[in-house]
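Asker: I have a structure here, written as structure tokens, and I will follow up with some questions on it.
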Amino acid sequence: MRRTVTVGGVDVEVELHGRGTPLLMLHGWGVDRRLMTGALEPLFADDSPWLRIYPDMPGRGGTPAHPAIDSADATVQLLVDLMDALVPGERYAVVGESWGGHVGRGVLARRPDLLGLALICPAVRMDTMDVDPPQAVERDETLLAELEPADRAVFAEYHARLTRDVYARNLADVVPGVLAADQDYLENVLGPRRGLVEDTATTEAPVLVLVGRQDAIVGYREQWQLAERFPHSTFAVLDNAGHNAHFEQPELFGALVRAWLERVEATR
């Protein structure tokens, strides 16, 4: 179900699935909620006891850009207010991918009673990052020859498995959000202040930090610092996976997220 929730004058489009304990799902920088629904919805059965909440952040998907949301910090407050409107008084868990993992840690700073936190290929810093050059571990040369040079370059930058199945997921879950994003807003309004969240908060709740060994966008080494911060964290480095590790290694990704959900359910 899709609905628009007006929060502080900002019309936020949200996709809702299921019912039960709330899960806030936060997509990355230049994409929209389709990245998260494509990765996570296959993990939930029809009778799963989780209410999955997938917002489009401003300037992406169905949520228009708004001048008041001019930093990561403002984005965090918008998301906290959104959850207060959707599930008032309820505790919830957060799943954040890439920049959404950075923003998710800002949500934790404002809501230290989170039930859990899952960070998928999360950005640690928003300036320079400790990354290796792109490294392909699997290549479909016929597919790569079919792509335009610019598309081939972006595909190879974000992925380690340059195969048709990975490219199909990229076309379904990533490319539509990129094409629909308000690039002027992202670059000129939100971009200059996209790394301004309080990022020292910790929690006793279950945490998952999952990274791709060949991630050339945010890397994999610095994320261990996040895992060390949380006393009940699982840290997993998935080989043969770049920045979209969730659909380059879907079986491992699914097993780790399900295990995290079980820990959240057992400790809530």
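So you can find residues: chains in the structure tokens are A, B, ... in the order shown, residues in each start at 1, and ligands are numbered from 1 in order.
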Write out as a ChimeraX atom specification the residues lying within 8 Å of region 85-102 of chain A, counting only C-alpha atoms and excluding same-chain residues fewer than 6 positions away.

Answerer: /A:7,21-29,36,113-124,195,197,199,218

Asker: Which of these, A:Leu186, A:Ala216, A:Val103, A:Leu210, has the shortest distance to Phe155 (chain A) once you count only C-alpha atoms?

Answerer: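 Smallest separation from Phe155 (chain A) among the options: A:Ala216.
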
Asker: Report as JSON lines the residues of region 221-241 of chain A within 9 Å of region 249-266 of chain A, each with its shortest atom pair and distance in Å (one decimal), using only C-alpha atoms, ordered by chain and increasing residue number.

Answerer:
```
{"residue": "A:Thr234", "atom": "CA", "partner": "A:Trp260", "partner_atom": "CA", "distance": 8.3}
{"residue": "A:Ala236", "atom": "CA", "partner": "A:Leu256", "partner_atom": "CA", "distance": 8.3}
{"residue": "A:Leu238", "atom": "CA", "partner": "A:Gln249", "partner_atom": "CA", "distance": 7.4}
{"residue": "A:Asp239", "atom": "CA", "partner": "A:Gln249", "partner_atom": "CA", "distance": 8.4}
{"residue": "A:Asn240", "atom": "CA", "partner": "A:Gln249", "partner_atom": "CA", "distance": 7.5}
{"residue": "A:Ala241", "atom": "CA", "partner": "A:Gln249", "partner_atom": "CA", "distance": 6.5}
```

Asker: Which residues in region 120-230 of chain A does DSSP call alpha helix (DSSP H)? List them as a count of residues only.

Answerer: 38

Asker: Can you measure CA of Val76 (chain A) to CA of Arg268 (chain A) for me? One decimal in Å is fine.

Answerer: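 For CA of Val76 (chain A) relative to CA of Arg268 (chain A), the distance reads 23.1 Å.
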